[in-house]
Structures are given as C-alpha cells and as structure tokens.
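Next comes my_file.cif, with mmCIF, N, CA, C and O atoms.
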data_final
#
loop_
_atom_site.label_atom_id
_atom_site.label_comp_id
_atom_site.auth_asym_id
_atom_site.auth_seq_id
_atom_site.Cartn_x
_atom_site.Cartn_y
_atom_site.Cartn_z
N MET A 135 -3.42 98.15 19.43
CA MET A 135 -4.82 98.29 19.01
C MET A 135 -5.48 96.93 18.86
O MET A 135 -6.67 96.80 19.02
N ARG A 136 -4.68 95.92 18.60
CA ARG A 136 -5.21 94.58 18.40
C ARG A 136 -5.92 94.05 19.65
O ARG A 136 -6.94 93.40 19.57
N VAL A 137 -5.36 94.34 20.83
CA VAL A 137 -5.96 93.89 22.08
C VAL A 137 -7.33 94.51 22.27
O VAL A 137 -8.26 93.85 22.71
N TYR A 138 -7.48 95.76 21.95
CA TYR A 138 -8.77 96.43 22.12
C TYR A 138 -9.86 95.80 21.26
O TYR A 138 -11.01 95.77 21.66
N GLY A 139 -9.51 95.28 20.12
CA GLY A 139 -10.49 94.60 19.27
C GLY A 139 -11.07 93.38 19.95
O GLY A 139 -12.27 93.14 19.89
N HIS A 140 -10.23 92.63 20.64
CA HIS A 140 -10.70 91.46 21.39
C HIS A 140 -11.62 91.88 22.53
O HIS A 140 -12.64 91.24 22.79
N ILE A 141 -11.25 92.95 23.21
CA ILE A 141 -12.07 93.44 24.32
C ILE A 141 -13.43 93.90 23.82
O ILE A 141 -14.46 93.57 24.40
N LEU A 142 -13.44 94.63 22.73
CA LEU A 142 -14.71 95.12 22.18
C LEU A 142 -15.60 93.97 21.72
O LEU A 142 -16.81 94.00 21.92
N ARG A 143 -14.99 92.93 21.12
CA ARG A 143 -15.79 91.78 20.70
C ARG A 143 -16.37 91.04 21.90
O ARG A 143 -17.50 90.59 21.89
N ALA A 144 -15.57 90.93 22.97
CA ALA A 144 -16.06 90.26 24.19
C ALA A 144 -17.20 91.06 24.81
O ALA A 144 -18.21 90.49 25.22
N LEU A 145 -17.07 92.37 24.87
CA LEU A 145 -18.13 93.20 25.44
C LEU A 145 -19.38 93.17 24.58
O LEU A 145 -20.50 93.21 25.10
N ALA A 146 -19.20 93.07 23.28
CA ALA A 146 -20.36 92.99 22.38
C ALA A 146 -21.07 91.65 22.49
O ALA A 146 -22.26 91.54 22.18
N ALA A 147 -20.36 90.62 22.98
CA ALA A 147 -20.93 89.28 23.07
C ALA A 147 -21.86 89.10 24.27
O ALA A 147 -22.61 88.15 24.35
N ILE A 148 -21.77 90.03 25.23
CA ILE A 148 -22.61 89.93 26.43
C ILE A 148 -23.45 91.19 26.58
O ILE A 148 -23.14 92.23 26.00
N ARG A 149 -24.49 91.08 27.37
CA ARG A 149 -25.34 92.25 27.65
C ARG A 149 -24.83 92.90 28.93
O ARG A 149 -25.06 92.39 30.03
N LEU A 150 -24.16 94.03 28.81
CA LEU A 150 -23.58 94.70 29.98
C LEU A 150 -24.63 95.11 30.99
O LEU A 150 -24.40 95.03 32.20
N TYR A 151 -25.79 95.52 30.53
CA TYR A 151 -26.84 95.97 31.46
C TYR A 151 -27.43 94.81 32.24
O TYR A 151 -28.13 95.01 33.23
N ASP A 152 -27.13 93.58 31.83
CA ASP A 152 -27.70 92.40 32.47
C ASP A 152 -26.75 91.76 33.50
O ASP A 152 -27.06 90.74 34.09
N ILE A 153 -25.56 92.37 33.70
CA ILE A 153 -24.59 91.82 34.65
C ILE A 153 -25.01 92.17 36.07
O ILE A 153 -25.44 93.29 36.35
N TYR A 154 -24.87 91.19 36.97
CA TYR A 154 -25.17 91.40 38.39
C TYR A 154 -24.39 92.61 38.89
O TYR A 154 -23.21 92.75 38.60
N LYS A 155 -25.03 93.49 39.64
CA LYS A 155 -24.43 94.77 39.98
C LYS A 155 -23.79 94.84 41.37
O LYS A 155 -23.30 95.88 41.76
N ARG A 156 -23.79 93.76 42.12
CA ARG A 156 -23.25 93.85 43.47
C ARG A 156 -22.07 92.90 43.65
O ARG A 156 -21.28 92.70 42.74
N TYR A 157 -21.97 92.28 44.81
CA TYR A 157 -20.80 91.49 45.20
C TYR A 157 -20.47 90.36 44.21
O TYR A 157 -19.31 90.06 43.98
N GLY A 158 -21.47 89.75 43.60
CA GLY A 158 -21.24 88.64 42.69
C GLY A 158 -20.91 89.04 41.27
O GLY A 158 -20.83 88.20 40.38
N MET A 159 -20.69 90.32 41.02
CA MET A 159 -20.46 90.82 39.66
C MET A 159 -19.28 90.15 38.95
O MET A 159 -19.41 89.74 37.80
N PRO A 160 -18.09 90.01 39.60
CA PRO A 160 -16.98 89.38 38.87
C PRO A 160 -17.30 87.96 38.42
O PRO A 160 -16.99 87.58 37.28
N ASN A 161 -17.94 87.17 39.28
CA ASN A 161 -18.29 85.80 38.91
C ASN A 161 -19.33 85.79 37.79
O ASN A 161 -19.22 85.01 36.84
N ASP A 162 -20.32 86.65 37.88
CA ASP A 162 -21.35 86.72 36.84
C ASP A 162 -20.74 87.11 35.49
O ASP A 162 -21.08 86.55 34.46
N LEU A 163 -19.81 88.05 35.52
CA LEU A 163 -19.14 88.48 34.28
C LEU A 163 -18.35 87.32 33.68
O LEU A 163 -18.40 87.08 32.47
N LEU A 164 -17.62 86.57 34.51
CA LEU A 164 -16.86 85.42 34.01
C LEU A 164 -17.76 84.36 33.42
O LEU A 164 -17.45 83.78 32.36
N VAL A 165 -18.89 84.09 34.06
CA VAL A 165 -19.84 83.09 33.54
C VAL A 165 -20.39 83.53 32.19
O VAL A 165 -20.44 82.75 31.24
N LYS A 166 -20.80 84.79 32.10
CA LYS A 166 -21.37 85.28 30.83
C LYS A 166 -20.33 85.27 29.71
O LYS A 166 -20.65 84.93 28.57
N LEU A 167 -19.08 85.62 30.01
CA LEU A 167 -18.03 85.57 29.00
C LEU A 167 -17.74 84.13 28.58
O LEU A 167 -17.48 83.86 27.41
N ASN A 168 -17.80 83.20 29.53
CA ASN A 168 -17.59 81.80 29.20
C ASN A 168 -18.70 81.29 28.28
O ASN A 168 -18.43 80.58 27.30
N ILE A 169 -19.93 81.64 28.58
CA ILE A 169 -21.06 81.23 27.74
C ILE A 169 -20.91 81.79 26.32
O ILE A 169 -21.28 81.14 25.34
N ALA A 170 -20.31 82.99 26.22
CA ALA A 170 -20.11 83.63 24.91
C ALA A 170 -18.82 83.13 24.24
O ALA A 170 -18.40 83.69 23.23
N PHE A 171 -18.18 82.07 24.80
CA PHE A 171 -16.96 81.47 24.24
C PHE A 171 -15.80 82.45 24.18
O PHE A 171 -14.98 82.40 23.27
N CYS A 172 -15.72 83.35 25.16
CA CYS A 172 -14.59 84.28 25.24
C CYS A 172 -13.48 83.65 26.08
O CYS A 172 -13.74 82.94 27.04
N THR A 173 -12.24 83.90 25.71
CA THR A 173 -11.09 83.39 26.45
C THR A 173 -10.67 84.41 27.48
O THR A 173 -10.58 85.60 27.19
N ILE A 174 -10.41 83.94 28.70
CA ILE A 174 -10.04 84.82 29.80
C ILE A 174 -8.58 84.58 30.15
O ILE A 174 -8.11 83.44 30.16
N LYS A 175 -7.85 85.64 30.48
CA LYS A 175 -6.47 85.52 30.91
C LYS A 175 -6.35 86.15 32.29
O LYS A 175 -6.84 87.25 32.53
N GLU A 176 -5.69 85.45 33.20
CA GLU A 176 -5.49 85.96 34.54
C GLU A 176 -4.28 86.90 34.55
O GLU A 176 -3.22 86.57 34.00
N VAL A 177 -4.45 88.05 35.18
CA VAL A 177 -3.39 89.05 35.24
C VAL A 177 -3.16 89.42 36.70
O VAL A 177 -4.12 89.68 37.43
N ASP A 178 -1.90 89.43 37.14
CA ASP A 178 -1.59 89.83 38.51
C ASP A 178 -1.82 91.32 38.69
O ASP A 178 -1.40 92.13 37.87
N ILE A 179 -2.51 91.66 39.78
CA ILE A 179 -2.77 93.06 40.11
C ILE A 179 -2.42 93.27 41.57
O ILE A 179 -2.81 92.49 42.43
N LYS A 180 -1.66 94.31 41.85
CA LYS A 180 -1.29 94.62 43.23
C LYS A 180 -2.47 95.31 43.92
O LYS A 180 -2.91 96.37 43.48
N PRO A 181 -2.98 94.72 45.00
CA PRO A 181 -4.10 95.35 45.71
C PRO A 181 -3.64 96.60 46.46
O PRO A 181 -2.51 96.67 46.94
N VAL A 182 -4.51 97.57 46.54
CA VAL A 182 -4.23 98.82 47.26
C VAL A 182 -5.26 98.96 48.36
O VAL A 182 -6.46 98.94 48.10
N TYR A 183 -4.79 99.06 49.60
CA TYR A 183 -5.68 99.19 50.74
C TYR A 183 -5.36 100.48 51.50
O TYR A 183 -4.39 101.16 51.21
N ASN A 184 -6.20 100.76 52.47
CA ASN A 184 -6.02 101.92 53.34
C ASN A 184 -6.08 103.24 52.58
O ASN A 184 -5.29 104.13 52.79
N VAL A 185 -7.02 103.36 51.67
CA VAL A 185 -7.19 104.62 50.95
C VAL A 185 -8.58 105.19 51.19
O VAL A 185 -9.09 105.96 50.39
N GLY A 186 -9.22 104.78 52.29
CA GLY A 186 -10.50 105.37 52.66
C GLY A 186 -11.73 104.54 52.37
O GLY A 186 -12.82 104.90 52.80
N GLU A 187 -11.60 103.42 51.63
CA GLU A 187 -12.78 102.62 51.36
C GLU A 187 -13.19 101.85 52.60
O GLU A 187 -12.35 101.50 53.42
N LYS A 188 -14.46 101.59 52.72
CA LYS A 188 -14.97 100.77 53.81
C LYS A 188 -15.81 99.65 53.22
O LYS A 188 -16.63 99.89 52.35
N SER A 189 -15.58 98.45 53.72
CA SER A 189 -16.32 97.30 53.25
C SER A 189 -17.77 97.37 53.73
O SER A 189 -18.05 97.81 54.84
N LYS A 190 -18.69 96.94 52.87
CA LYS A 190 -20.10 96.87 53.24
C LYS A 190 -20.48 95.46 53.67
O LYS A 190 -21.62 95.20 53.98
N MET A 191 -19.49 94.56 53.70
CA MET A 191 -19.76 93.18 54.11
C MET A 191 -19.99 93.14 55.62
O MET A 191 -19.29 93.80 56.38
N LYS A 192 -20.94 92.36 56.03
CA LYS A 192 -21.24 92.16 57.44
C LYS A 192 -20.73 90.78 57.82
O LYS A 192 -21.30 89.76 57.45
N ILE A 193 -19.62 90.74 58.56
CA ILE A 193 -18.96 89.47 58.86
C ILE A 193 -19.87 88.53 59.63
O ILE A 193 -19.83 87.32 59.43
N LEU A 194 -20.72 89.04 60.51
CA LEU A 194 -21.59 88.16 61.27
C LEU A 194 -22.70 87.56 60.40
O LEU A 194 -23.23 86.50 60.70
N ARG A 195 -23.05 88.23 59.31
CA ARG A 195 -24.02 87.66 58.38
C ARG A 195 -23.38 86.56 57.55
O ARG A 195 -24.03 85.61 57.15
N LEU A 196 -22.09 86.70 57.26
CA LEU A 196 -21.39 85.70 56.46
C LEU A 196 -20.98 84.49 57.28
O LEU A 196 -21.05 83.36 56.81
N CYS A 197 -20.56 84.71 58.51
CA CYS A 197 -20.09 83.64 59.39
C CYS A 197 -20.84 83.73 60.72
O CYS A 197 -20.31 84.27 61.69
N PRO A 198 -22.05 83.20 60.79
CA PRO A 198 -22.79 83.31 62.05
C PRO A 198 -22.09 82.55 63.18
O PRO A 198 -21.46 81.53 62.95
N ALA A 199 -22.19 83.11 64.38
CA ALA A 199 -21.51 82.52 65.54
C ALA A 199 -22.15 81.22 65.97
O ALA A 199 -23.23 80.87 65.77
#

Is it possible to express this structure as structure tokens?
Amino acid sequence: MRVYGHILRALAAIRLYDIYKRYGMPNDLLVKLNIAFCTIKEVDIKPVYNVGEKSKMKILRLCPA
C-alpha cells in the first residue's frame, strides 16, 4: 500500500488533463513529474508485438527521402 501513496501524490502534483495526448505523452509526463520534484524509477518491461496494433507513424514524414 505504501507504493500507491507515492503514486497518488505524484498524480496529485500534476494536472492529468493537461498532459499531451499523442506521441509525445511519455516525455511530457516525465517533464511534468520532474517539475513537480517527483522521483522516477526505470522498470524493465517486455514489449509485446504482433497482437493486431498498427502504427499511425508515417515513416516518410519522419525521414524524408
């Protein structure tokens, strides 16, 4: 239960409705938590692919020829 208290305090320190809602969301969340003096811990997560999702990224827009 102790861990959840830290999470709730971190969420209360930022405005959730003000977080960028698209591709830059993880970076925006990290910046806002840093500004609120929250400590971040990196956790390894196994990625899961091939379950039906399709990327909305346009590679030619990101890396023009």

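Between atom N of A:Leu150 and atom O of A:Thr173 there is a distance of 16.1 Å.
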
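If you look at atom N of A:Ile148 and atom O of A:Leu167, they are 7.8 Å away from each other.
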
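Distances to A:Ala170 were evaluated for A:Leu142, A:Val185, A:Ile153, A:Ala147 using only C-alpha atoms, and the minimum falls at A:Ala147.
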
Helix (DSSP H, G or I) positions in chain A, given as a PDB file with N, CA, C and O atoms, in the coordinates of the input:
ATOM      1  N   ARG A 136      -4.680  95.920  18.600  1.00  0.00           N
ATOM      2  CA  ARG A 136      -5.210  94.580  18.400  1.00  0.00           C
ATOM      3  C   ARG A 136      -5.920  94.050  19.650  1.00  0.00           C
ATOM      4  O   ARG A 136      -6.940  93.400  19.570  1.00  0.00           O
ATOM      5  N   VAL A 137      -5.360  94.340  20.830  1.00  0.00           N
ATOM      6  CA  VAL A 137      -5.960  93.890  22.080  1.00  0.00           C
ATOM      7  C   VAL A 137      -7.330  94.510  22.270  1.00  0.00           C
ATOM      8  O   VAL A 137      -8.260  93.850  22.710  1.00  0.00           O
ATOM      9  N   TYR A 138      -7.480  95.760  21.950  1.00  0.00           N
ATOM     10  CA  TYR A 138      -8.770  96.430  22.120  1.00  0.00           C
ATOM     11  C   TYR A 138      -9.860  95.800  21.260  1.00  0.00           C
ATOM     12  O   TYR A 138     -11.010  95.770  21.660  1.00  0.00           O
ATOM     13  N   GLY A 139      -9.510  95.280  20.120  1.00  0.00           N
ATOM     14  CA  GLY A 139     -10.490  94.600  19.270  1.00  0.00           C
ATOM     15  C   GLY A 139     -11.070  93.380  19.950  1.00  0.00           C
ATOM     16  O   GLY A 139     -12.270  93.140  19.890  1.00  0.00           O
ATOM     17  N   HIS A 140     -10.230  92.630  20.640  1.00  0.00           N
ATOM     18  CA  HIS A 140     -10.700  91.460  21.390  1.00  0.00           C
ATOM     19  C   HIS A 140     -11.620  91.880  22.530  1.00  0.00           C
ATOM     20  O   HIS A 140     -12.640  91.240  22.790  1.00  0.00           O
ATOM     21  N   ILE A 141     -11.250  92.950  23.210  1.00  0.00           N
ATOM     22  CA  ILE A 141     -12.070  93.440  24.320  1.00  0.00           C
ATOM     23  C   ILE A 141     -13.430  93.900  23.820  1.00  0.00           C
ATOM     24  O   ILE A 141     -14.460  93.570  24.400  1.00  0.00           O
ATOM     25  N   LEU A 142     -13.440  94.630  22.730  1.00  0.00           N
ATOM     26  CA  LEU A 142     -14.710  95.120  22.180  1.00  0.00           C
ATOM     27  C   LEU A 142     -15.600  93.970  21.720  1.00  0.00           C
ATOM     28  O   LEU A 142     -16.810  94.000  21.920  1.00  0.00           O
ATOM     29  N   ARG A 143     -14.990  92.930  21.120  1.00  0.00           N
ATOM     30  CA  ARG A 143     -15.790  91.780  20.700  1.00  0.00           C
ATOM     31  C   ARG A 143     -16.370  91.040  21.900  1.00  0.00           C
ATOM     32  O   ARG A 143     -17.500  90.590  21.890  1.00  0.00           O
ATOM     33  N   ALA A 144     -15.570  90.930  22.970  1.00  0.00           N
ATOM     34  CA  ALA A 144     -16.060  90.260  24.190  1.00  0.00           C
ATOM     35  C   ALA A 144     -17.200  91.060  24.810  1.00  0.00           C
ATOM     36  O   ALA A 144     -18.210  90.490  25.220  1.00  0.00           O
ATOM     37  N   LEU A 145     -17.070  92.370  24.870  1.00  0.00           N
ATOM     38  CA  LEU A 145     -18.130  93.200  25.440  1.00  0.00           C
ATOM     39  C   LEU A 145     -19.380  93.170  24.580  1.00  0.00           C
ATOM     40  O   LEU A 145     -20.500  93.210  25.100  1.00  0.00           O
ATOM     41  N   ALA A 146     -19.200  93.070  23.280  1.00  0.00           N
ATOM     42  CA  ALA A 146     -20.360  92.990  22.380  1.00  0.00           C
ATOM     43  C   ALA A 146     -21.070  91.650  22.490  1.00  0.00           C
ATOM     44  O   ALA A 146     -22.260  91.540  22.180  1.00  0.00           O
ATOM     45  N   ALA A 147     -20.360  90.620  22.980  1.00  0.00           N
ATOM     46  CA  ALA A 147     -20.930  89.280  23.070  1.00  0.00           C
ATOM     47  C   ALA A 147     -21.860  89.100  24.270  1.00  0.00           C
ATOM     48  O   ALA A 147     -22.610  88.150  24.350  1.00  0.00           O
ATOM     49  N   LEU A 150     -24.160  94.030  28.810  1.00  0.00           N
ATOM     50  CA  LEU A 150     -23.580  94.700  29.980  1.00  0.00           C
ATOM     51  C   LEU A 150     -24.630  95.110  30.990  1.00  0.00           C
ATOM     52  O   LEU A 150     -24.400  95.030  32.200  1.00  0.00           O
ATOM     53  N   TYR A 151     -25.790  95.520  30.530  1.00  0.00           N
ATOM     54  CA  TYR A 151     -26.840  95.970  31.460  1.00  0.00           C
ATOM     55  C   TYR A 151     -27.430  94.810  32.240  1.00  0.00           C
ATOM     56  O   TYR A 151     -28.130  95.010  33.230  1.00  0.00           O
ATOM     57  N   ASP A 152     -27.130  93.580  31.830  1.00  0.00           N
ATOM     58  CA  ASP A 152     -27.700  92.400  32.470  1.00  0.00           C
ATOM     59  C   ASP A 152     -26.750  91.760  33.500  1.00  0.00           C
ATOM     60  O   ASP A 152     -27.060  90.740  34.090  1.00  0.00           O
ATOM     61  N   MET A 159     -20.690  90.320  41.020  1.00  0.00           N
ATOM     62  CA  MET A 159     -20.460  90.820  39.660  1.00  0.00           C
ATOM     63  C   MET A 159     -19.280  90.150  38.950  1.00  0.00           C
ATOM     64  O   MET A 159     -19.410  89.740  37.800  1.00  0.00           O
ATOM     65  N   PRO A 160     -18.090  90.010  39.600  1.00  0.00           N
ATOM     66  CA  PRO A 160     -16.980  89.380  38.870  1.00  0.00           C
ATOM     67  C   PRO A 160     -17.300  87.960  38.420  1.00  0.00           C
ATOM     68  O   PRO A 160     -16.990  87.580  37.280  1.00  0.00           O
ATOM     69  N   ASN A 161     -17.940  87.170  39.280  1.00  0.00           N
ATOM     70  CA  ASN A 161     -18.290  85.800  38.910  1.00  0.00           C
ATOM     71  C   ASN A 161     -19.330  85.790  37.790  1.00  0.00           C
ATOM     72  O   ASN A 161     -19.220  85.010  36.840  1.00  0.00           O
ATOM     73  N   ASP A 162     -20.320  86.650  37.880  1.00  0.00           N
ATOM     74  CA  ASP A 162     -21.350  86.720  36.840  1.00  0.00           C
ATOM     75  C   ASP A 162     -20.740  87.110  35.490  1.00  0.00           C
ATOM     76  O   ASP A 162     -21.080  86.550  34.460  1.00  0.00           O
ATOM     77  N   LEU A 163     -19.810  88.050  35.520  1.00  0.00           N
ATOM     78  CA  LEU A 163     -19.140  88.480  34.280  1.00  0.00           C
ATOM     79  C   LEU A 163     -18.350  87.320  33.680  1.00  0.00           C
ATOM     80  O   LEU A 163     -18.400  87.080  32.470  1.00  0.00           O
ATOM     81  N   LEU A 164     -17.620  86.570  34.510  1.00  0.00           N
ATOM     82  CA  LEU A 164     -16.860  85.420  34.010  1.00  0.00           C
ATOM     83  C   LEU A 164     -17.760  84.360  33.420  1.00  0.00           C
ATOM     84  O   LEU A 164     -17.450  83.780  32.360  1.00  0.00           O
ATOM     85  N   VAL A 165     -18.890  84.090  34.060  1.00  0.00           N
ATOM     86  CA  VAL A 165     -19.840  83.090  33.540  1.00  0.00           C
ATOM     87  C   VAL A 165     -20.390  83.530  32.190  1.00  0.00           C
ATOM     88  O   VAL A 165     -20.440  82.750  31.240  1.00  0.00           O
ATOM     89  N   LYS A 166     -20.800  84.790  32.100  1.00  0.00           N
ATOM     90  CA  LYS A 166     -21.370  85.280  30.830  1.00  0.00           C
ATOM     91  C   LYS A 166     -20.330  85.270  29.710  1.00  0.00           C
ATOM     92  O   LYS A 166     -20.650  84.930  28.570  1.00  0.00           O
ATOM     93  N   LEU A 167     -19.080  85.620  30.010  1.00  0.00           N
ATOM     94  CA  LEU A 167     -18.030  85.570  29.000  1.00  0.00           C
ATOM     95  C   LEU A 167     -17.740  84.130  28.580  1.00  0.00           C
ATOM     96  O   LEU A 167     -17.480  83.860  27.410  1.00  0.00           O
ATOM     97  N   ASN A 168     -17.800  83.200  29.530  1.00  0.00           N
ATOM     98  CA  ASN A 168     -17.590  81.800  29.200  1.00  0.00           C
ATOM     99  C   ASN A 168     -18.700  81.290  28.280  1.00  0.00           C
ATOM    100  O   ASN A 168     -18.430  80.580  27.300  1.00  0.00           O
ATOM    101  N   ILE A 169     -19.930  81.640  28.580  1.00  0.00           N
ATOM    102  CA  ILE A 169     -21.060  81.230  27.740  1.00  0.00           C
ATOM    103  C   ILE A 169     -20.910  81.790  26.320  1.00  0.00           C
ATOM    104  O   ILE A 169     -21.280  81.140  25.340  1.00  0.00           O
ATOM    105  N   ILE A 193     -19.620  90.740  58.560  1.00  0.00           N
ATOM    106  CA  ILE A 193     -18.960  89.470  58.860  1.00  0.00           C
ATOM    107  C   ILE A 193     -19.870  88.530  59.630  1.00  0.00           C
ATOM    108  O   ILE A 193     -19.830  87.320  59.430  1.00  0.00           O
ATOM    109  N   LEU A 194     -20.720  89.040  60.510  1.00  0.00           N
ATOM    110  CA  LEU A 194     -21.590  88.160  61.270  1.00  0.00           C
ATOM    111  C   LEU A 194     -22.700  87.560  60.400  1.00  0.00           C
ATOM    112  O   LEU A 194     -23.230  86.500  60.700  1.00  0.00           O
ATOM    113  N   ARG A 195     -23.050  88.230  59.310  1.00  0.00           N
ATOM    114  CA  ARG A 195     -24.020  87.660  58.380  1.00  0.00           C
ATOM    115  C   ARG A 195     -23.380  86.560  57.550  1.00  0.00           C
ATOM    116  O   ARG A 195     -24.030  85.610  57.150  1.00  0.00           O
ATOM    117  N   LEU A 196     -22.090  86.700  57.260  1.00  0.00           N
ATOM    118  CA  LEU A 196     -21.390  85.700  56.460  1.00  0.00           C
ATOM    119  C   LEU A 196     -20.980  84.490  57.280  1.00  0.00           C
ATOM    120  O   LEU A 196     -21.050  83.360  56.810  1.00  0.00           O
TER     121      LEU A 196
END

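Atom CA of A:Lys192 to atom CA of A:Tyr157 spans 12.3 Å [interatomic distance, one decimal].
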
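Closest approach to A:Cys172 among A:Ala144, A:Met159, A:Asp152, A:Tyr138 is made by A:Ala144 (distances from only N, CA, C and O atoms).
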
Would it be fine to have stretch 147-166 of chain A, with N, CA and C atoms, given as a PDB file, in the first residue's frame?
ATOM      1  N   ALA A 147       0.249  15.889  -7.986  1.00  0.00           N
ATOM      2  CA  ALA A 147       1.177  17.003  -8.185  1.00  0.00           C
ATOM      3  C   ALA A 147       1.110  17.582  -9.598  1.00  0.00           C
ATOM      4  N   ILE A 148       0.499  16.832 -10.519  1.00  0.00           N
ATOM      5  CA  ILE A 148       0.410  17.312 -11.906  1.00  0.00           C
ATOM      6  C   ILE A 148      -1.054  17.366 -12.333  1.00  0.00           C
ATOM      7  N   ARG A 149      -1.303  18.116 -13.388  1.00  0.00           N
ATOM      8  CA  ARG A 149      -2.663  18.193 -13.932  1.00  0.00           C
ATOM      9  C   ARG A 149      -2.786  17.154 -15.042  1.00  0.00           C
ATOM     10  N   LEU A 150      -3.485  16.062 -14.767  1.00  0.00           N
ATOM     11  CA  LEU A 150      -3.606  14.975 -15.743  1.00  0.00           C
ATOM     12  C   LEU A 150      -4.272  15.428 -17.032  1.00  0.00           C
ATOM     13  N   TYR A 151      -5.241  16.312 -16.940  1.00  0.00           N
ATOM     14  CA  TYR A 151      -5.960  16.761 -18.137  1.00  0.00           C
ATOM     15  C   TYR A 151      -5.083  17.643 -19.022  1.00  0.00           C
ATOM     16  N   ASP A 152      -3.940  18.077 -18.500  1.00  0.00           N
ATOM     17  CA  ASP A 152      -3.058  18.981 -19.234  1.00  0.00           C
ATOM     18  C   ASP A 152      -1.898  18.250 -19.918  1.00  0.00           C
ATOM     19  N   ILE A 153      -1.851  16.913 -19.798  1.00  0.00           N
ATOM     20  CA  ILE A 153      -0.771  16.141 -20.407  1.00  0.00           C
ATOM     21  C   ILE A 153      -1.032  15.991 -21.900  1.00  0.00           C
ATOM     22  N   TYR A 154       0.041  16.132 -22.692  1.00  0.00           N
ATOM     23  CA  TYR A 154      -0.042  15.958 -24.140  1.00  0.00           C
ATOM     24  C   TYR A 154      -0.656  14.593 -24.444  1.00  0.00           C
ATOM     25  N   LYS A 155      -1.587  14.528 -25.368  1.00  0.00           N
ATOM     26  CA  LYS A 155      -2.377  13.318 -25.574  1.00  0.00           C
ATOM     27  C   LYS A 155      -1.911  12.421 -26.722  1.00  0.00           C
ATOM     28  N   ARG A 156      -0.842  12.779 -27.402  1.00  0.00           N
ATOM     29  CA  ARG A 156      -0.440  11.959 -28.541  1.00  0.00           C
ATOM     30  C   ARG A 156       0.953  11.390 -28.348  1.00  0.00           C
ATOM     31  N   TYR A 157       1.736  11.327 -29.410  1.00  0.00           N
ATOM     32  CA  TYR A 157       3.023  10.636 -29.414  1.00  0.00           C
ATOM     33  C   TYR A 157       3.997  11.145 -28.339  1.00  0.00           C
ATOM     34  N   GLY A 158       3.968  12.426 -28.015  1.00  0.00           N
ATOM     35  CA  GLY A 158       4.893  12.988 -27.038  1.00  0.00           C
ATOM     36  C   GLY A 158       4.454  12.842 -25.600  1.00  0.00           C
ATOM     37  N   MET A 159       3.398  12.096 -25.341  1.00  0.00           N
ATOM     38  CA  MET A 159       2.839  11.974 -23.993  1.00  0.00           C
ATOM     39  C   MET A 159       3.842  11.468 -22.952  1.00  0.00           C
ATOM     40  N   PRO A 160       4.618  10.386 -23.230  1.00  0.00           N
ATOM     41  CA  PRO A 160       5.557   9.929 -22.192  1.00  0.00           C
ATOM     42  C   PRO A 160       6.574  10.997 -21.798  1.00  0.00           C
ATOM     43  N   ASN A 161       7.114  11.715 -22.779  1.00  0.00           N
ATOM     44  CA  ASN A 161       8.086  12.764 -22.483  1.00  0.00           C
ATOM     45  C   ASN A 161       7.434  13.904 -21.705  1.00  0.00           C
ATOM     46  N   ASP A 162       6.241  14.300 -22.099  1.00  0.00           N
ATOM     47  CA  ASP A 162       5.530  15.377 -21.404  1.00  0.00           C
ATOM     48  C   ASP A 162       5.247  14.985 -19.955  1.00  0.00           C
ATOM     49  N   LEU A 163       4.857  13.739 -19.744  1.00  0.00           N
ATOM     50  CA  LEU A 163       4.583  13.259 -18.387  1.00  0.00           C
ATOM     51  C   LEU A 163       5.854  13.294 -17.537  1.00  0.00           C
ATOM     52  N   LEU A 164       6.981  12.853 -18.105  1.00  0.00           N
ATOM     53  CA  LEU A 164       8.251  12.885 -17.368  1.00  0.00           C
ATOM     54  C   LEU A 164       8.662  14.305 -17.018  1.00  0.00           C
ATOM     55  N   VAL A 165       8.487  15.233 -17.943  1.00  0.00           N
ATOM     56  CA  VAL A 165       8.839  16.637 -17.687  1.00  0.00           C
ATOM     57  C   VAL A 165       7.976  17.207 -16.570  1.00  0.00           C
ATOM     58  N   LYS A 166       6.675  16.962 -16.637  1.00  0.00           N
ATOM     59  CA  LYS A 166       5.772  17.495 -15.605  1.00  0.00           C
ATOM     60  C   LYS A 166       6.073  16.890 -14.232  1.00  0.00           C
TER      61      LYS A 166
END
